[in-house]
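J.: My questions all concern the structure below.
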2 protein chains.
Amino acid sequence: MREHRTPGRPRGFDIEATLDVIKALFWERGFEAVSLADIAAATGLRKGSLYAAYGDKQAMYLKALARYEAGEVAATIAALQGPGEPRARLQAFLDGPIRAAYDAGDGRGCFLCNAAADRALVDPDAAAIVRAGFERMEQAVAAVAAELDPALSPETAAAVAAACVTAYAGLRVLARAEMARASLEAARDRVLAALPG
Amino acid sequence: MREHRTPGRPRGFDIEATLDVIKALFWERGFEAVSLADIAAATGLRKGSLYAAYGDKQAMYLKALARYEAGEVAATIAALQGPGEPRARLQAFLDGPIRAAYDAGDGRGCFLCNAAADRALVDPDAAAIVRAGFERMEQAVAAVAAELDPALSPETAAAVAAACVTAYAGLRVLARAEMARASLEAARDRVLAALPG
DNA sequence: GGAATTGATGACCAAATGGACAAGAACTGG
DNA sequence: CCAGTTCTTGTCCATTTGGTCATCAATTCC
């Protein structure tokens, strides 16, 4: 019924949806703690299919991380750009980590942060994706800072952005260790209070 | 020659010095990426001796993490407590992560942060050590904030401390991914500029 | 319908994993 | 010297690891 453009047996699974499953595993547990058997069990596929589709374990991790960057990170950036008062958007940006951990019960934190701790030292490609993600966030925050106060110099806007993203990363990490919520909220509020405008 | 208080064959290695070696391994690579064979090779001991001295792998990790908390973290706290100008001490506190990564070439970051990303979700004991370490840091920073401005309310001092420690964690994580140094320095300076007093 | 191509399956593998254990070595106290 | 105790060593083990491969199944093109 479905039309195939390519010869050969068609793939029996959605390669992107399955990558989301893999992403969820690596995101939660990290690289080494996830075995191929885990991935096979979670996806319902055999190892052979996984290798054929994504490459070896490291390639799977990289693709999962890149998908996080293109998905979750991009969504965060879109929210920064997207409608609403600039200040409210920055508020939401820094509140996201707290809400995710304490309201939504999502203890996984930020995949970029986890990857930095987990793989950056041994996998330059992973480190590059992490950097790219954070840099894109910084640029997006800098744009919001410029909205907040158009008189801001680009350097100052960049500095504000760096401070916000650093706080974001810190909140994500501390939330993963289930630090006291009040502490994280206090940190969030101090950063927001120091915003220009 | 040496006097033994306990009967039985004396231990042939320094249990604390060896724990430092184990700590270095877990600190750099994380829990899963370090095998007992790695530990045996790095310490020069056999697995049997390691198990007898420290317990299983998880116990080794916990002891290594606790030793980091009692060593590196305590040293950081001691530096916060004096001597020197309060503001300069906070400066040094937030500059430490940057100097470690970019001047000393130590890319390991903060063991507490790594443990948060690596083990907090699966090992409540590890999470507890991480929390305890960060909380002690927060208290120490709060004390410095109070020094900075004695009129500060305890709540405000705590909020300043939370912001500083969050920034510290963020810097540590971003440094592990080798983010642009200028970016981290800008973040550091913004936090310092927002200090009371 | 038949060749060609591609995906799926399950068996298979060498190596590494965390861990257990018995035997021996080094010490203390009597 | 002898027990009692503790540490060390080497060996052993079941399981798991990441990864490969031949075989089979499903599809396209001619």
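Residues in the structure tokens are named by chain (A, B, ... in the order shown) and by number from 1 within that chain; ligands are numbered from 1 in the order shown.
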Write out as a Markdown table a residue-level contact list of chain B versus chain D with cut-off 9 Å: for each qualifying residue the closest pair of atoms and the distance in Å to one decimal, counting only C-alpha atoms (C1' of nucleotides), rows sorted by chain and residue number upward.

T.:
```
| residue | atom | partner | partner_atom | distance |
| --- | --- | --- | --- | --- |
| B:Thr6 | CA | D:DT5 | C1' | 8.7 |
| B:Pro7 | CA | D:DT5 | C1' | 5.7 |
| B:Gly8 | CA | D:DT6 | C1' | 4.0 |
| B:Arg9 | CA | D:DT6 | C1' | 4.9 |
| B:Pro10 | CA | D:DC7 | C1' | 6.4 |
| B:Arg11 | CA | D:DC7 | C1' | 5.8 |
| B:Gly12 | CA | D:DC7 | C1' | 7.8 |
| B:Arg46 | CA | D:DT9 | C1' | 7.5 |
| B:Gly48 | CA | D:DT8 | C1' | 7.8 |
| B:Ser49 | CA | D:DT8 | C1' | 6.7 |
| B:Ala52 | CA | D:DC7 | C1' | 8.6 |
```

J.: Taking only C-alpha atoms (C1' of nucleotides) into account, report as a compact mmCIF listing (two decimals) with N, CA and C atoms (P, O5', C5', C4', C3', O3' and C1' of nucleotides), in the first residue's frame which residues of chain C lie within 7 Å of chain A.

T.:
```
# COMPACT_ATOMS: atom_id res chain seq x y z
P DT C 5 22.25 -5.03 -6.99
O5' DT C 5 21.39 -4.53 -5.74
C5' DT C 5 20.27 -3.67 -5.98
C4' DT C 5 19.44 -3.54 -4.73
C3' DT C 5 20.26 -3.33 -3.45
O3' DT C 5 19.84 -2.14 -2.83
C1' DT C 5 18.56 -4.95 -3.14
P DT C 6 20.82 -1.45 -1.73
O5' DT C 6 19.92 -1.62 -0.42
C5' DT C 6 18.57 -1.19 -0.45
C4' DT C 6 17.80 -1.87 0.66
C3' DT C 6 18.48 -1.81 2.03
O3' DT C 6 17.60 -1.22 2.95
C1' DT C 6 17.68 -3.98 1.56
P DG C 7 18.08 -0.85 4.44
O5' DG C 7 17.14 -1.80 5.31
C5' DG C 7 15.74 -1.67 5.15
C4' DG C 7 15.04 -2.81 5.85
C3' DG C 7 15.39 -2.96 7.33
O3' DG C 7 14.21 -3.18 8.07
C1' DG C 7 15.85 -4.99 6.19
P DA C 8 14.23 -3.40 9.62
O5' DA C 8 14.23 -4.98 9.75
C5' DA C 8 13.06 -5.69 9.42
C4' DA C 8 13.18 -7.14 9.85
C3' DA C 8 13.49 -7.36 11.33
O3' DA C 8 12.57 -8.32 11.84
C1' DA C 8 15.10 -8.47 9.98
```

J.: Kindly provide the residues of chain B that approach chain A to within 6 Å, each paired with its closest atom pair and their distance in Å to one decimal, based on only C-alpha atoms, listed by chain and increasing number, as CSV.

T.:
```
residue,atom,partner,partner_atom,distance
B:Glu32,CA,A:Glu32,CA,5.6
B:Asn114,CA,A:Ala117,CA,5.1
B:Ala116,CA,A:Ala177,CA,5.2
B:Ala117,CA,A:Asn114,CA,5.1
B:Ala120,CA,A:Ala177,CA,5.5
B:Ala127,CA,A:Ala177,CA,5.3
B:Arg131,CA,A:Met179,CA,5.9
B:Ala159,CA,A:Ala186,CA,4.9
B:Ala162,CA,A:Ala187,CA,5.0
B:Ala163,CA,A:Ala187,CA,4.0
B:Thr166,CA,A:Gly170,CA,4.7
B:Ala167,CA,A:Ala167,CA,5.2
B:Ala169,CA,A:Gly170,CA,4.7
B:Gly170,CA,A:Gly170,CA,3.8
B:Arg176,CA,A:Ala116,CA,5.9
B:Ala177,CA,A:Ala116,CA,5.2
B:Met179,CA,A:Arg131,CA,5.9
B:Ser183,CA,A:Ala162,CA,5.6
B:Ala186,CA,A:Ala159,CA,5.0
B:Ala187,CA,A:Ala163,CA,4.0
```

J.: Please measure the separation of atom CA of A:Leu19 and atom CA of A:Ala59, giving the value in Å to one decimal.

T.: 11.4 Å

J.: Could you pull out the helix (DSSP H, G or I) residues of stretch 4-189 of chain A, going by DSSP on the backbone, and write them as number ranges by chain?

T.: A: 15-29, 36-43, 47-54, 57-81, 86-103, 111-118, 124-148, 154-176, 181-189

J.: How about saving the chosen residues, C-alpha atoms kept, as a CSV table (one decimal), in the first residue's frame?

T.:
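Below you can see part_6.csv, which holds the result:
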```
chain,number,residue,atom,x,y,z
A,15,ILE,CA,13.8,5.6,12.6
A,16,GLU,CA,13.1,8.9,14.3
A,17,ALA,CA,10.6,7.6,16.8
A,18,THR,CA,13.0,4.9,17.8
A,19,LEU,CA,15.8,7.4,18.2
A,20,ASP,CA,13.5,9.1,20.7
A,21,VAL,CA,13.4,5.9,22.7
A,22,ILE,CA,17.2,5.6,22.6
A,23,LYS,CA,17.5,9.3,23.5
A,24,ALA,CA,15.3,8.8,26.6
A,25,LEU,CA,17.6,5.9,27.7
A,26,PHE,CA,20.9,7.8,27.3
A,27,TRP,CA,19.4,11.0,28.7
A,28,GLU,CA,18.3,9.3,31.9
A,29,ARG,CA,21.2,6.9,32.5
A,36,LEU,CA,22.7,-2.5,23.8
A,37,ALA,CA,20.5,-5.1,25.3
A,38,ASP,CA,18.7,-2.3,27.1
A,39,ILE,CA,18.2,-0.5,23.9
A,40,ALA,CA,17.0,-3.6,22.1
A,41,ALA,CA,14.5,-4.3,24.9
A,42,ALA,CA,13.2,-0.7,25.0
A,43,THR,CA,12.9,-0.4,21.2
A,47,LYS,CA,20.8,-5.5,17.8
A,48,GLY,CA,21.5,-6.1,14.1
A,49,SER,CA,18.7,-3.7,13.1
A,50,LEU,CA,20.0,-1.1,15.5
A,51,TYR,CA,23.6,-1.3,14.2
A,52,ALA,CA,22.4,-1.2,10.6
A,53,ALA,CA,20.2,1.9,11.3
A,54,TYR,CA,22.4,4.0,13.5
A,57,LYS,CA,26.8,2.5,20.4
A,58,GLN,CA,28.8,5.7,20.3
A,59,ALA,CA,27.1,6.7,17.1
A,60,MET,CA,23.7,6.0,18.7
A,61,TYR,CA,24.6,8.2,21.6
A,62,LEU,CA,25.7,11.0,19.3
A,63,LYS,CA,22.6,10.8,17.3
A,64,ALA,CA,20.4,10.8,20.4
A,65,LEU,CA,22.3,13.8,21.8
A,66,ALA,CA,22.0,15.6,18.5
A,67,ARG,CA,18.3,14.9,18.4
A,68,TYR,CA,18.0,16.3,21.9
A,69,GLU,CA,19.8,19.4,20.7
A,70,ALA,CA,17.5,19.7,17.7
A,71,GLY,CA,14.4,18.9,19.7
A,72,GLU,CA,14.4,20.0,23.4
A,73,VAL,CA,17.0,22.6,23.0
A,74,ALA,CA,15.4,24.1,19.9
A,75,ALA,CA,12.1,24.2,21.7
A,76,THR,CA,13.7,26.0,24.6
A,77,ILE,CA,15.1,28.5,22.2
A,78,ALA,CA,11.8,28.9,20.4
A,79,ALA,CA,10.2,29.6,23.7
A,80,LEU,CA,12.8,32.3,24.3
A,81,GLN,CA,12.0,33.9,21.0
A,86,PRO,CA,10.9,39.4,27.2
A,87,ARG,CA,11.2,39.4,30.9
A,88,ALA,CA,8.6,36.7,31.3
A,89,ARG,CA,10.3,34.6,28.7
A,90,LEU,CA,13.6,34.7,30.6
A,91,GLN,CA,11.6,33.9,33.8
A,92,ALA,CA,10.2,30.9,32.1
A,93,PHE,CA,13.6,29.9,30.8
A,94,LEU,CA,15.1,29.8,34.3
A,95,ASP,CA,11.9,28.3,35.8
A,96,GLY,CA,11.9,25.4,33.4
A,97,PRO,CA,14.5,23.4,35.2
A,98,ILE,CA,12.8,23.8,38.5
A,99,ARG,CA,9.3,23.0,37.2
A,100,ALA,CA,10.6,20.0,35.3
A,101,ALA,CA,12.3,18.5,38.3
A,102,TYR,CA,9.8,19.4,41.1
A,103,ASP,CA,6.5,19.7,39.4
A,111,PHE,CA,20.9,16.0,28.5
A,112,LEU,CA,23.6,18.5,27.4
A,113,CYS,CA,24.7,18.9,31.0
A,114,ASN,CA,24.7,15.2,31.6
A,115,ALA,CA,26.7,14.6,28.4
A,116,ALA,CA,29.2,17.3,29.5
A,117,ALA,CA,29.8,15.3,32.7
A,118,ASP,CA,29.6,12.0,31.1
A,124,PRO,CA,35.0,15.3,21.2
A,125,ASP,CA,31.9,14.9,19.0
A,126,ALA,CA,29.7,14.8,22.0
A,127,ALA,CA,31.5,17.8,23.5
A,128,ALA,CA,31.0,19.7,20.3
A,129,ILE,CA,27.2,19.1,20.3
A,130,VAL,CA,27.1,20.2,23.9
A,131,ARG,CA,28.9,23.4,23.1
A,132,ALA,CA,26.8,24.1,20.1
A,133,GLY,CA,23.6,23.6,22.2
A,134,PHE,CA,24.7,26.0,24.9
A,135,GLU,CA,26.0,28.5,22.4
A,136,ARG,CA,22.7,28.6,20.6
A,137,MET,CA,21.0,29.1,23.9
A,138,GLU,CA,23.3,31.9,24.8
A,139,GLN,CA,22.6,33.7,21.5
A,140,ALA,CA,18.9,33.3,22.0
A,141,VAL,CA,19.1,34.7,25.5
A,142,ALA,CA,21.3,37.6,24.3
A,143,ALA,CA,18.6,38.5,21.8
A,144,VAL,CA,16.1,38.6,24.6
A,145,ALA,CA,18.4,40.7,26.7
A,146,ALA,CA,18.6,43.2,23.8
A,147,GLU,CA,14.9,43.3,23.6
A,148,LEU,CA,14.8,44.0,27.3
A,154,PRO,CA,26.2,43.6,22.4
A,155,GLU,CA,29.0,42.7,24.8
A,156,THR,CA,26.7,43.3,27.8
A,157,ALA,CA,23.9,41.4,26.2
A,158,ALA,CA,26.3,38.5,25.7
A,159,ALA,CA,27.4,38.7,29.3
A,160,VAL,CA,23.9,38.6,30.5
A,161,ALA,CA,23.2,35.7,28.3
A,162,ALA,CA,26.3,33.8,29.6
A,163,ALA,CA,25.2,34.4,33.2
A,164,CYS,CA,21.7,33.1,32.4
A,165,VAL,CA,22.9,30.0,30.6
A,166,THR,CA,25.4,29.3,33.4
A,167,ALA,CA,22.6,29.6,35.9
A,168,TYR,CA,20.5,27.4,33.7
A,169,ALA,CA,23.1,24.7,33.7
A,170,GLY,CA,23.7,25.0,37.4
A,171,LEU,CA,20.0,24.7,38.1
A,172,ARG,CA,19.7,21.6,35.9
A,173,VAL,CA,22.6,19.9,37.7
A,174,LEU,CA,21.5,20.8,41.2
A,175,ALA,CA,17.9,19.7,40.4
A,176,ARG,CA,19.2,16.3,39.4
A,181,ARG,CA,13.7,23.6,45.9
A,182,ALA,CA,13.7,26.9,47.8
A,183,SER,CA,17.4,27.2,47.2
A,184,LEU,CA,17.1,26.8,43.4
A,185,GLU,CA,14.2,29.3,43.4
A,186,ALA,CA,16.2,31.8,45.3
A,187,ALA,CA,19.0,31.4,42.8
A,188,ARG,CA,16.6,31.8,39.9
A,189,ASP,CA,15.1,35.0,41.4
```
